[in-house]
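One file, target_13.cif, carrying mmCIF, C-alpha atoms:
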data_coords
#
loop_
_atom_site.label_atom_id
_atom_site.label_comp_id
_atom_site.auth_asym_id
_atom_site.auth_seq_id
_atom_site.Cartn_x
_atom_site.Cartn_y
_atom_site.Cartn_z
CA MET M 1 -98.66 19.64 36.06
CA ALA M 2 -99.21 16.33 34.28
CA TYR M 3 -98.12 16.40 30.65
CA ASP M 4 -99.07 14.04 27.83
CA PHE M 5 -95.37 13.44 27.22
CA ASP M 6 -92.05 13.93 28.97
CA LEU M 7 -90.32 14.60 25.65
CA PHE M 8 -91.80 15.55 22.30
CA VAL M 9 -89.33 15.18 19.43
CA ILE M 10 -89.97 17.03 16.18
CA GLY M 11 -88.17 15.24 13.38
CA ALA M 12 -87.53 11.52 12.88
CA GLY M 13 -84.06 11.80 11.41
CA SER M 14 -80.92 10.26 12.85
CA GLY M 15 -80.66 12.55 15.88
CA GLY M 16 -84.34 12.67 16.70
CA VAL M 17 -84.82 8.91 16.49
CA ARG M 18 -81.75 8.25 18.63
CA ALA M 19 -82.89 10.68 21.32
CA ALA M 20 -86.45 9.34 21.30
CA ARG M 21 -85.52 5.67 21.42
CA PHE M 22 -83.09 5.99 24.28
CA ALA M 23 -85.23 8.42 26.24
CA ALA M 24 -88.09 5.91 26.03
CA GLY M 25 -85.69 3.15 27.04
CA PHE M 26 -84.77 5.20 30.10
CA GLY M 27 -88.43 5.28 31.11
CA ALA M 28 -89.62 8.56 29.62
CA LYS M 29 -92.93 8.96 27.82
CA VAL M 30 -91.89 10.09 24.34
CA ALA M 31 -93.54 11.16 21.09
CA VAL M 32 -91.95 11.75 17.69
CA ALA M 33 -93.60 13.73 14.90
CA GLU M 34 -92.40 13.46 11.30
CA SER M 35 -94.07 15.02 8.26
CA ARG M 36 -91.88 13.51 5.53
CA TYR M 37 -89.91 10.30 5.80
CA LEU M 38 -88.58 8.22 8.66
CA GLY M 39 -84.80 8.32 8.88
CA GLY M 40 -84.47 11.94 7.79
CA THR M 41 -82.07 13.29 5.19
CA CYS M 42 -79.39 10.64 5.65
CA VAL M 43 -81.58 7.62 4.97
CA ASN M 44 -83.80 9.12 2.28
CA VAL M 45 -82.00 11.85 0.34
CA GLY M 46 -78.52 11.87 1.84
CA CYS M 47 -75.66 9.63 2.79
CA VAL M 48 -77.32 6.23 2.29
CA PRO M 49 -78.76 6.61 -1.24
CA LYS M 50 -75.74 8.72 -2.22
CA LYS M 51 -73.37 5.93 -1.21
CA LEU M 52 -75.44 3.44 -3.23
CA LEU M 53 -75.09 5.69 -6.28
CA VAL M 54 -71.35 6.03 -5.60
CA TYR M 55 -71.08 2.24 -5.60
CA GLY M 56 -72.92 2.19 -8.92
CA ALA M 57 -70.59 4.76 -10.45
CA HIS M 58 -67.53 2.91 -9.16
CA VAL M 59 -68.46 -0.20 -11.17
CA ALA M 60 -67.16 1.62 -14.25
CA ASP M 61 -63.70 1.68 -12.64
CA GLU M 62 -63.86 -2.04 -11.91
CA LEU M 63 -64.83 -2.79 -15.49
CA GLU M 64 -61.96 -0.66 -16.78
CA GLN M 65 -59.47 -2.45 -14.55
CA ALA M 66 -60.77 -5.94 -15.35
CA ALA M 67 -58.84 -6.37 -18.60
CA GLY M 68 -55.53 -6.10 -16.79
CA TYR M 69 -56.52 -9.10 -14.71
CA GLY M 70 -57.43 -11.26 -17.68
CA TRP M 71 -61.14 -10.61 -17.84
CA SER M 72 -62.55 -10.09 -21.31
CA LEU M 73 -65.87 -8.31 -20.95
CA GLU M 74 -68.39 -7.19 -23.50
CA GLU M 75 -69.14 -3.49 -23.47
CA GLY M 76 -71.27 -2.83 -20.42
CA HIS M 77 -74.62 -1.08 -20.46
CA PHE M 78 -75.81 1.00 -17.53
CA ASP M 79 -79.51 1.40 -16.77
CA TRP M 80 -80.34 4.33 -14.48
CA GLY M 81 -83.89 3.13 -13.89
CA THR M 82 -82.71 -0.18 -12.45
CA LEU M 83 -80.30 1.52 -10.06
CA ILE M 84 -82.94 3.98 -8.82
CA ALA M 85 -85.60 1.29 -8.43
CA ASN M 86 -83.23 -0.89 -6.40
CA LYS M 87 -82.19 2.13 -4.35
CA ASN M 88 -85.83 2.98 -3.64
CA ARG M 89 -86.53 -0.55 -2.47
CA GLU M 90 -83.61 -0.40 -0.02
CA ILE M 91 -84.72 2.98 1.33
CA GLU M 92 -88.24 1.64 1.89
CA ARG M 93 -86.72 -1.25 3.85
CA LEU M 94 -84.77 1.20 6.02
CA ASN M 95 -87.89 3.32 6.58
CA GLY M 96 -89.55 0.21 7.99
CA ILE M 97 -86.58 -0.46 10.26
CA TYR M 98 -86.75 3.07 11.65
CA ARG M 99 -90.48 2.69 12.26
CA ASN M 100 -89.91 -0.56 14.14
CA LEU M 101 -87.09 0.95 16.18
CA LEU M 102 -89.38 3.69 17.40
CA VAL M 103 -92.54 1.67 17.96
CA ASN M 104 -90.73 -1.22 19.63
CA SER M 105 -89.07 1.25 21.99
CA GLY M 106 -92.46 2.43 23.19
CA VAL M 107 -92.32 5.77 21.36
CA THR M 108 -95.58 7.29 20.10
CA LEU M 109 -95.08 7.97 16.38
CA LEU M 110 -97.15 10.79 14.88
CA GLN M 111 -96.86 11.14 11.11
CA GLY M 112 -97.76 14.73 10.35
CA HIS M 113 -96.42 18.26 10.51
CA ALA M 114 -95.66 19.41 14.04
CA ARG M 115 -95.94 23.04 15.04
CA ILE M 116 -95.00 24.44 18.43
CA THR M 117 -97.91 26.40 19.86
CA GLY M 118 -96.46 27.15 23.29
CA ASP M 119 -93.55 26.42 25.56
CA HIS M 120 -95.10 23.08 26.49
CA GLU M 121 -97.47 22.43 23.60
CA VAL M 122 -97.18 20.97 20.11
CA GLU M 123 -99.87 20.67 17.48
CA VAL M 124 -99.90 17.88 14.88
CA ASP M 125 -102.61 17.93 12.23
CA GLY M 126 -104.99 19.86 14.48
CA GLN M 127 -104.39 17.73 17.56
CA ARG M 128 -102.61 19.41 20.48
CA TYR M 129 -100.28 17.61 22.87
CA SER M 130 -98.73 18.86 26.10
CA THR M 131 -95.13 18.02 26.88
CA GLU M 132 -92.59 18.84 29.54
CA ARG M 133 -89.82 19.29 26.98
CA ILE M 134 -89.61 19.73 23.21
CA LEU M 135 -86.62 18.56 21.16
CA ILE M 136 -86.23 20.13 17.71
CA ALA M 137 -84.40 17.83 15.30
CA THR M 138 -85.81 18.97 11.97
CA GLY M 139 -82.50 18.99 10.08
CA GLY M 140 -81.56 21.02 7.04
CA TRP M 141 -82.82 21.68 3.53
CA PRO M 142 -80.89 22.46 0.32
CA GLN M 143 -81.07 25.99 -0.97
CA VAL M 144 -80.57 27.50 -4.41
CA PRO M 145 -79.41 31.10 -4.86
CA ASP M 146 -82.08 33.57 -5.91
CA ILE M 147 -81.16 33.96 -9.58
CA PRO M 148 -83.38 34.15 -12.67
CA GLY M 149 -84.32 30.61 -13.64
CA LYS M 150 -83.57 29.04 -10.26
CA GLU M 151 -86.75 26.96 -10.56
CA LEU M 152 -85.15 25.11 -13.47
CA ALA M 153 -82.37 23.72 -11.27
CA ILE M 154 -82.51 20.66 -9.02
CA THR M 155 -80.91 19.83 -5.66
CA SER M 156 -79.91 16.60 -3.98
CA ASN M 157 -83.56 16.08 -2.99
CA GLU M 158 -84.61 15.68 -6.61
CA ALA M 159 -81.41 14.05 -7.93
CA PHE M 160 -82.28 10.72 -6.31
CA TYR M 161 -85.55 10.54 -8.23
CA LEU M 162 -84.58 11.64 -11.74
CA LYS M 163 -86.44 9.57 -14.32
CA ALA M 164 -83.34 9.24 -16.49
CA LEU M 165 -79.64 9.96 -16.30
CA PRO M 166 -79.04 13.38 -17.91
CA ARG M 167 -76.63 13.39 -20.84
CA ARG M 168 -75.00 16.66 -19.75
CA VAL M 169 -74.88 17.88 -16.15
CA LEU M 170 -73.70 21.10 -14.54
CA VAL M 171 -72.97 20.68 -10.84
CA VAL M 172 -72.77 23.99 -8.96
CA GLY M 173 -70.93 24.20 -5.65
CA GLY M 174 -67.64 23.48 -3.96
CA GLY M 175 -68.57 21.43 -0.91
CA TYR M 176 -68.54 17.68 -0.46
CA ILE M 177 -72.06 17.19 -1.83
CA ALA M 178 -71.14 18.93 -5.09
CA VAL M 179 -67.91 16.97 -5.45
CA GLU M 180 -69.61 13.66 -4.69
CA PHE M 181 -72.46 14.16 -7.15
CA ALA M 182 -70.09 15.35 -9.86
CA GLY M 183 -68.30 12.02 -9.46
CA ILE M 184 -71.56 10.09 -9.49
CA PHE M 185 -72.89 11.71 -12.66
CA GLN M 186 -69.58 11.43 -14.47
CA GLY M 187 -68.95 7.88 -13.31
CA LEU M 188 -72.34 6.78 -14.60
CA GLY M 189 -71.62 8.25 -18.02
CA ALA M 190 -72.88 11.85 -18.03
CA ASP M 191 -70.78 14.66 -19.50
CA THR M 192 -70.21 16.55 -16.26
CA THR M 193 -68.95 20.04 -15.40
CA LEU M 194 -68.38 21.33 -11.87
CA VAL M 195 -68.82 25.09 -11.46
CA TYR M 196 -67.52 26.73 -8.29
CA ARG M 197 -67.18 30.41 -7.47
CA GLY M 198 -64.00 29.93 -5.38
CA GLU M 199 -60.38 29.26 -6.25
CA LEU M 200 -60.54 25.58 -5.27
CA PHE M 201 -63.25 23.31 -3.91
CA LEU M 202 -63.56 21.70 -0.44
CA ARG M 203 -62.69 24.80 1.58
CA GLY M 204 -61.63 23.77 5.09
CA PHE M 205 -60.05 20.49 4.00
CA ASP M 206 -56.28 20.05 3.96
CA GLY M 207 -54.63 21.91 1.09
CA SER M 208 -52.74 18.85 -0.13
CA VAL M 209 -55.98 16.87 -0.21
CA ARG M 210 -57.81 19.55 -2.19
CA MET M 211 -55.08 19.90 -4.80
CA HIS M 212 -54.55 16.15 -5.13
CA LEU M 213 -58.26 15.53 -5.70
CA LYS M 214 -58.36 18.31 -8.28
CA GLU M 215 -55.56 16.65 -10.22
CA GLU M 216 -57.18 13.23 -10.07
CA LEU M 217 -60.60 14.50 -11.15
CA GLU M 218 -59.01 16.25 -14.10
CA LYS M 219 -57.32 12.97 -15.08
CA ARG M 220 -60.77 11.41 -15.16
CA GLY M 221 -62.01 14.09 -17.53
CA LEU M 222 -64.22 16.04 -15.16
CA ASN M 223 -64.54 19.63 -16.39
CA LEU M 224 -63.65 21.90 -13.45
CA GLN M 225 -64.66 25.56 -13.70
CA PHE M 226 -63.31 27.53 -10.73
CA ASN M 227 -63.78 31.25 -10.11
CA ALA M 228 -67.07 30.90 -11.97
CA ASP M 229 -70.69 31.35 -10.96
CA ILE M 230 -74.04 31.14 -12.72
CA GLN M 231 -75.92 34.42 -13.11
CA ARG M 232 -79.05 33.09 -14.78
CA ILE M 233 -80.59 29.92 -16.21
CA ASP M 234 -82.76 29.84 -19.32
CA LYS M 235 -84.68 26.97 -20.88
CA GLN M 236 -84.05 26.59 -24.61
CA ASP M 237 -86.44 25.47 -27.33
CA ASP M 238 -85.01 21.94 -27.39
CA GLY M 239 -85.57 21.56 -23.64
CA SER M 240 -81.93 22.00 -22.66
CA LEU M 241 -80.79 24.55 -20.10
CA LYS M 242 -78.46 27.46 -20.81
CA ALA M 243 -76.41 28.74 -17.89
CA THR M 244 -74.94 32.22 -18.26
CA LEU M 245 -71.82 32.66 -16.13
CA ASN M 246 -70.60 35.80 -14.39
CA ASP M 247 -67.91 36.25 -17.07
CA GLY M 248 -70.46 36.10 -19.88
CA ARG M 249 -69.73 32.56 -20.99
CA GLU M 250 -72.63 30.23 -21.67
CA LEU M 251 -72.79 26.54 -20.77
CA VAL M 252 -75.53 24.23 -22.00
CA ALA M 253 -76.72 21.18 -20.07
CA ASP M 254 -79.70 18.91 -19.65
CA CYS M 255 -79.59 19.18 -15.86
CA ILE M 256 -78.26 21.84 -13.49
CA PHE M 257 -77.66 20.50 -10.00
CA TYR M 258 -77.12 22.94 -7.12
CA ALA M 259 -75.18 22.01 -3.99
CA THR M 260 -74.50 25.46 -2.59
CA GLY M 261 -75.40 24.99 1.04
CA ARG M 262 -78.22 23.93 3.31
CA ARG M 263 -80.45 25.99 5.56
CA PRO M 264 -82.08 24.90 8.82
CA MET M 265 -85.58 23.51 8.28
CA LEU M 266 -87.68 25.83 10.44
CA ASP M 267 -90.65 26.31 8.09
CA ASN M 268 -93.95 26.75 9.97
CA LEU M 269 -92.34 25.34 13.11
CA GLY M 270 -93.91 27.94 15.42
CA LEU M 271 -90.70 29.24 16.97
CA GLU M 272 -92.39 32.63 17.34
CA ASN M 273 -94.50 31.04 20.06
CA THR M 274 -91.43 30.34 22.17
CA GLY M 275 -88.37 32.19 23.40
CA VAL M 276 -86.10 30.30 20.99
CA GLU M 277 -83.47 32.54 19.38
CA LEU M 278 -81.52 32.04 16.18
CA ASP M 279 -77.83 32.74 15.66
CA PRO M 280 -76.61 35.18 12.96
CA ARG M 281 -76.53 32.35 10.39
CA GLY M 282 -80.17 31.46 11.00
CA PHE M 283 -79.57 28.27 12.99
CA ILE M 284 -81.11 27.63 16.41
CA ARG M 285 -78.92 28.98 19.18
CA VAL M 286 -78.08 26.37 21.84
CA ASP M 287 -75.63 26.02 24.71
CA ASP M 288 -73.24 23.11 25.34
CA GLN M 289 -76.14 20.95 26.51
CA TYR M 290 -78.33 21.70 23.45
CA GLN M 291 -80.57 23.95 25.51
CA THR M 292 -82.16 26.77 23.52
CA THR M 293 -83.02 30.18 24.94
CA ALA M 294 -86.45 28.76 25.81
CA PRO M 295 -86.24 26.70 29.03
CA SER M 296 -88.43 23.85 27.77
CA VAL M 297 -86.97 23.56 24.24
CA LEU M 298 -83.80 21.78 23.10
CA ALA M 299 -82.33 21.32 19.63
CA ILE M 300 -79.78 19.00 18.00
CA GLY M 301 -78.40 18.03 14.61
CA ASP M 302 -78.19 20.04 11.42
CA VAL M 303 -80.71 22.58 12.71
CA ILE M 304 -78.12 23.94 15.16
CA GLY M 305 -75.45 24.25 12.45
CA ARG M 306 -72.46 22.79 14.30
CA VAL M 307 -70.95 19.68 12.71
CA GLN M 308 -73.52 18.58 10.15
CA LEU M 309 -72.79 14.86 10.03
CA THR M 310 -75.10 11.94 10.80
CA PRO M 311 -72.88 10.33 13.48
CA VAL M 312 -72.64 13.70 15.23
CA ALA M 313 -76.43 14.04 15.31
CA LEU M 314 -76.61 10.52 16.75
CA ALA M 315 -74.13 11.44 19.48
CA GLU M 316 -76.04 14.64 20.27
CA GLY M 317 -79.32 12.73 20.50
CA MET M 318 -77.77 10.23 22.86
CA ALA M 319 -76.30 13.02 25.00
CA VAL M 320 -79.71 14.70 25.36
CA ALA M 321 -81.47 11.46 26.29
CA ARG M 322 -78.87 10.61 28.90
CA ARG M 323 -78.69 14.07 30.42
CA LEU M 324 -82.47 14.33 30.80
CA PHE M 325 -83.38 10.80 31.80
CA LYS M 326 -80.21 8.89 32.75
CA PRO M 327 -77.84 11.57 34.08
CA GLU M 328 -75.44 9.09 35.66
CA GLN M 329 -74.55 7.92 32.12
CA TYR M 330 -74.27 11.42 30.63
CA ARG M 331 -71.10 12.53 28.93
CA PRO M 332 -70.75 15.50 26.60
CA VAL M 333 -70.12 15.09 22.88
CA ASP M 334 -66.46 15.51 21.96
CA TYR M 335 -66.25 17.49 18.73
CA GLN M 336 -62.48 17.06 18.44
CA ASN M 337 -60.97 14.57 15.99
CA ILE M 338 -64.20 13.62 14.23
CA PRO M 339 -63.34 11.31 11.32
CA THR M 340 -65.15 12.00 8.08
CA ALA M 341 -65.12 10.95 4.45
CA VAL M 342 -65.98 12.52 1.12
CA PHE M 343 -67.18 9.86 -1.29
CA SER M 344 -65.66 11.52 -4.30
CA GLN M 345 -63.92 9.42 -6.93
CA PRO M 346 -61.29 8.82 -5.63
CA PRO M 347 -62.64 9.23 -2.07
CA ILE M 348 -61.23 11.30 0.79
CA GLY M 349 -60.81 10.24 4.40
CA THR M 350 -59.68 12.67 7.06
CA VAL M 351 -59.43 13.02 10.83
CA GLY M 352 -57.84 15.68 13.03
CA LEU M 353 -56.21 18.95 12.08
CA THR M 354 -55.28 19.99 8.58
CA GLU M 355 -51.79 21.36 8.02
CA GLU M 356 -53.25 24.85 7.80
CA GLN M 357 -55.24 24.45 11.02
CA ALA M 358 -52.23 23.11 12.91
CA LEU M 359 -50.08 26.06 11.86
CA ALA M 360 -52.84 28.54 12.69
CA ALA M 361 -53.12 26.98 16.16
CA GLY M 362 -49.43 27.67 16.76
CA HIS M 363 -48.08 24.15 16.39
CA LYS M 364 -44.60 23.58 15.03
CA VAL M 365 -45.36 20.80 12.58
CA GLN M 366 -43.67 18.04 10.66
CA ILE M 367 -45.43 16.89 7.52
CA PHE M 368 -45.19 13.34 6.19
CA GLU M 369 -46.65 12.84 2.72
CA SER M 370 -46.69 9.91 0.34
CA ARG M 371 -48.09 9.68 -3.19
CA PHE M 372 -48.11 6.34 -4.94
CA ARG M 373 -49.91 4.27 -7.55
CA ALA M 374 -52.00 1.62 -5.81
CA MET M 375 -50.92 -1.97 -6.26
CA LYS M 376 -54.26 -2.86 -7.83
CA LEU M 377 -53.55 -0.50 -10.71
CA THR M 378 -50.11 -1.87 -11.60
CA LEU M 379 -51.60 -4.37 -14.07
CA THR M 380 -53.63 -1.64 -15.75
CA ASP M 381 -52.92 1.55 -17.67
CA ILE M 382 -54.68 3.69 -15.04
CA GLN M 383 -52.36 6.33 -13.60
CA GLU M 384 -54.41 7.39 -10.57
CA LYS M 385 -52.36 8.09 -7.45
CA THR M 386 -53.20 7.77 -3.78
CA LEU M 387 -52.25 10.48 -1.29
CA MET M 388 -51.53 9.83 2.39
CA LYS M 389 -50.51 12.54 4.81
CA LEU M 390 -49.69 12.89 8.50
CA VAL M 391 -49.53 16.19 10.36
CA VAL M 392 -47.32 15.80 13.45
CA ASP M 393 -46.50 18.17 16.30
CA ALA M 394 -42.71 18.55 16.13
CA ASP M 395 -42.38 19.24 19.85
CA THR M 396 -44.58 16.47 21.32
CA ASP M 397 -44.50 13.93 18.43
CA LYS M 398 -48.30 13.75 18.70
CA VAL M 399 -50.12 13.00 15.45
CA LEU M 400 -52.48 15.94 14.89
CA GLY M 401 -54.06 14.91 11.60
CA CYS M 402 -54.36 12.02 9.14
CA HIS M 403 -55.53 12.61 5.59
CA MET M 404 -55.99 10.33 2.59
CA VAL M 405 -57.23 10.47 -0.99
CA GLY M 406 -57.60 7.07 -2.58
CA PRO M 407 -59.59 3.81 -2.60
CA ASP M 408 -61.15 2.82 0.73
CA ALA M 409 -60.07 6.10 2.36
CA GLY M 410 -63.11 6.21 4.60
CA GLU M 411 -62.62 2.64 5.77
CA ILE M 412 -58.95 3.26 6.58
CA ILE M 413 -59.43 6.59 8.35
CA GLN M 414 -62.01 5.12 10.75
CA GLY M 415 -59.31 3.10 12.51
CA LEU M 416 -56.94 6.04 12.59
CA GLY M 417 -59.68 8.07 14.25
CA VAL M 418 -59.35 5.77 17.26
CA ALA M 419 -55.59 6.33 17.30
CA LEU M 420 -55.96 10.12 17.28
CA LYS M 421 -58.66 10.00 19.93
CA ALA M 422 -56.22 8.03 22.08
CA GLY M 423 -53.47 10.64 21.52
CA ALA M 424 -51.12 8.48 19.45
CA THR M 425 -47.62 9.73 18.64
CA LYS M 426 -45.70 9.37 15.42
CA GLN M 427 -43.37 6.96 17.20
CA GLN M 428 -46.34 4.73 18.02
CA PHE M 429 -47.39 4.84 14.38
CA ASP M 430 -43.83 3.88 13.40
CA GLU M 431 -43.75 1.00 15.90
CA THR M 432 -47.03 -0.43 14.61
CA ILE M 433 -46.46 -3.30 12.18
CA GLY M 434 -48.25 -2.81 8.87
CA VAL M 435 -50.65 -5.18 7.14
CA HIS M 436 -48.86 -6.18 3.92
CA PRO M 437 -49.54 -5.68 1.09
CA THR M 438 -52.12 -2.95 1.65
CA ALA M 439 -52.34 0.76 1.03
CA ALA M 440 -53.17 1.29 4.71
CA GLU M 441 -49.69 0.18 5.81
CA GLU M 442 -48.27 3.36 4.30
CA PHE M 443 -49.59 5.25 7.33
CA VAL M 444 -47.19 3.31 9.58
CA THR M 445 -44.21 3.21 7.22
CA MET M 446 -43.77 6.90 6.37
CA ARG M 447 -40.40 7.79 7.89
CA THR M 448 -39.10 10.81 6.00
CA VAL M 449 -40.29 14.31 6.81
CA THR M 450 -41.62 15.93 3.64
CA ARG M 451 -41.37 19.41 5.08
#
Do you think you could lay out the structure here as structure tokens?
Amino acid sequence: MAYDFDLFVIGAGSGGVRAARFAAGFGAKVAVAESRYLGGTCVNVGCVPKKLLVYGAHVADELEQAAGYGWSLEEGHFDWGTLIANKNREIERLNGIYRNLLVNSGVTLLQGHARITGDHEVEVDGQRYSTERILIATGGWPQVPDIPGKELAITSNEAFYLKALPRRVLVVGGGYIAVEFAGIFQGLGADTTLVYRGELFLRGFDGSVRMHLKEELEKRGLNLQFNADIQRIDKQDDGSLKATLNDGRELVADCIFYATGRRPMLDNLGLENTGVELDPRGFIRVDDQYQTTAPSVLAIGDVIGRVQLTPVALAEGMAVARRLFKPEQYRPVDYQNIPTAVFSQPPIGTVGLTEEQALAAGHKVQIFESRFRAMKLTLTDIQEKTLMKLVVDADTDKVLGCHMVGPDAGEIIQGLGVALKAGATKQQFDETIGVHPTAAEEFVTMRTVTR
């Protein structure tokens, strides 16, 4: 049978665009449908605009440190509207780049909501298209718990378009999005409280990293409320919001921001017209080659609920394109030793196993830890400390994990990700000459086992 397309991609986020572009480059006839914005979550309401806001918040640190270096500055004034307008302009530029990437690759771009109407058929705004294969790359969507007053809260989707910086903010959640936005709001001048129902935020990260960040955030004056959860939200006569906690306490804010998880975006997708199955968490079930339980349908990215990171979606999109249309270049995605960063203030960079994971996997470990005040701060009164940590297999000397909390952590960890991917040993770290004077050299000069 002759189809309109060889591959029909639903979703023009990072994974979908990568798969579509390269599939078209390999000679396939490809269409992409997108109902919202080109570039997906990352470009529009995720990592890119978030990082721009993090940069904005970090300026306050630079201004505070300036006096120690002889700069006499008048009291600064921050304008939220200017930051958001400039951010919006940059996002529009990136939207145009994504459009050009697709169109110039020979991909047919359909801007409208796509709904699967059969194993080989997709409908977009009333027009039906036949396709040999369908790739679902619709990503995730933030969710707010079903509590009274939930409609009064915002999520990351709305945070990037607030008309003004709230004076008082409650951030709810314990994952990286919650921690990052708490730092953004506080760094830009809002009175910020982080509410999390667990004992300590960033579950799954290394224990030393979690505790160190907690201590540093408290130094900065962030109000951390652990073992706490909001039971209801009420709007008061003056327009402020009252959050009633599970222990009966009441907190008042001008904005309540929820970062309590994301669900797969499957709304009106038409999965009932296929044999696609979901896993117990509600994500699309796929095998190691991103094949769903329907022979003609594949899925990648956040919608499959594996590692929900932009570079991982890109790798998955590339793997699908190669396997289908350039099999001689196919290689599976390696989910081991994926470097990642949390753009908290101070930021986290991490790659490999945490201490807890290494022990649970049966490794006999040696831990190397260093805490120090960065050289840049020695001419200031700021007492922030950087943490660096190596988790090493005591039997093989192989470095199992690298973890950092401190300035430029993400930049530094990227290089160490290559080292771990290559199987570097602690001896090889020790024999590597450091770049002096930098914080990064601490990773190759730690000699004493902490425990």
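Atom to atom, atom CA of M:Val144 and atom CA of M:Val195 stand 13.9 Å apart.
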Open item on the list: From the options M:Gly187, M:Pro145, M:Gly81, M:Gly118, which residue's atoms come nearest to M:Val297, counting all atoms listed in the file?
Closed with: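 Among M:Gly187, M:Pro145, M:Gly81, M:Gly118, it is M:Gly118 that comes nearest to M:Val297.
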Open item on the list: Could you tell me, as a PyMOL selection string, exactly which residues end up selected when the PyMOL selection byres ((chain M and resi 163) around 9) is applied to this structure?
Closed with: chain M and resi 80-81+84+161-162+164-165
Please report as a tab-separated table every residue of stretch 359-414 of chain M lying within 12 Å of stretch 422-434 of chain M, along with the nearest atom pair and their distance in Å (one decimal), using all atoms listed in the file.
residue	atom	partner	partner_atom	distance
M:Val365	CA	M:Lys426	CA	11.8
M:Gln366	CA	M:Lys426	CA	10.1
M:Ile367	CA	M:Lys426	CA	10.9
M:Phe368	CA	M:Lys426	CA	10.1
M:Leu390	CA	M:Lys426	CA	8.7
M:Val391	CA	M:Lys426	CA	9.3
M:Val392	CA	M:Lys426	CA	6.9
M:Asp393	CA	M:Thr425	CA	8.8
M:Ala394	CA	M:Lys426	CA	9.7
M:Asp395	CA	M:Thr425	CA	10.9
M:Thr396	CA	M:Thr425	CA	7.9
M:Asp397	CA	M:Thr425	CA	5.2
M:Lys398	CA	M:Thr425	CA	4.1
M:Val399	CA	M:Thr425	CA	5.2
M:Leu400	CA	M:Gly423	CA	8.5
M:Gly401	CA	M:Ala424	CA	10.6
M:Cys402	CA	M:Lys426	CA	11.0
TODO: I would like the residues chosen by the PyMOL selection byres ((chain M and resi 87) around 10) on the shown file; could you give them as a ChimeraX atom specification?
DONE: /M:44,48-50,52-53,81-86,88-93,160-161
Just write the chosen residues, C-alpha atoms, as a PDB file, keeping the file's coordinate frame.
ATOM      1  CA  ASN M  44     -83.800   9.120   2.280  1.00  0.00           C
ATOM      2  CA  VAL M  48     -77.320   6.230   2.290  1.00  0.00           C
ATOM      3  CA  PRO M  49     -78.760   6.610  -1.240  1.00  0.00           C
ATOM      4  CA  LYS M  50     -75.740   8.720  -2.220  1.00  0.00           C
ATOM      5  CA  LEU M  52     -75.440   3.440  -3.230  1.00  0.00           C
ATOM      6  CA  LEU M  53     -75.090   5.690  -6.280  1.00  0.00           C
ATOM      7  CA  GLY M  81     -83.890   3.130 -13.890  1.00  0.00           C
ATOM      8  CA  THR M  82     -82.710  -0.180 -12.450  1.00  0.00           C
ATOM      9  CA  LEU M  83     -80.300   1.520 -10.060  1.00  0.00           C
ATOM     10  CA  ILE M  84     -82.940   3.980  -8.820  1.00  0.00           C
ATOM     11  CA  ALA M  85     -85.600   1.290  -8.430  1.00  0.00           C
ATOM     12  CA  ASN M  86     -83.230  -0.890  -6.400  1.00  0.00           C
ATOM     13  CA  ASN M  88     -85.830   2.980  -3.640  1.00  0.00           C
ATOM     14  CA  ARG M  89     -86.530  -0.550  -2.470  1.00  0.00           C
ATOM     15  CA  GLU M  90     -83.610  -0.400  -0.020  1.00  0.00           C
ATOM     16  CA  ILE M  91     -84.720   2.980   1.330  1.00  0.00           C
ATOM     17  CA  GLU M  92     -88.240   1.640   1.890  1.00  0.00           C
ATOM     18  CA  ARG M  93     -86.720  -1.250   3.850  1.00  0.00           C
ATOM     19  CA  PHE M 160     -82.280  10.720  -6.310  1.00  0.00           C
ATOM     20  CA  TYR M 161     -85.550  10.540  -8.230  1.00  0.00           C
TER      21      TYR M 161
END
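Counting all atoms listed in the file, M:Leu298 has the following residues at most 9 Å away, ignoring those fewer than 4 positions along the same chain: Arg133, Ile134, Leu135, Ile136, Ala137, Val286, Gln289, Tyr290, Gln291, Thr292, Thr293, Ala294 and Val320 of chain M.
The list of residues with at least one atom within 8 Å of stretch 58-63 of chain M, based on only C-alpha atoms and without residues fewer than 4 positions apart in the same chain, reads Val54, Ala67, Leu73, Gly187, Leu188 and Gln345 of chain M.
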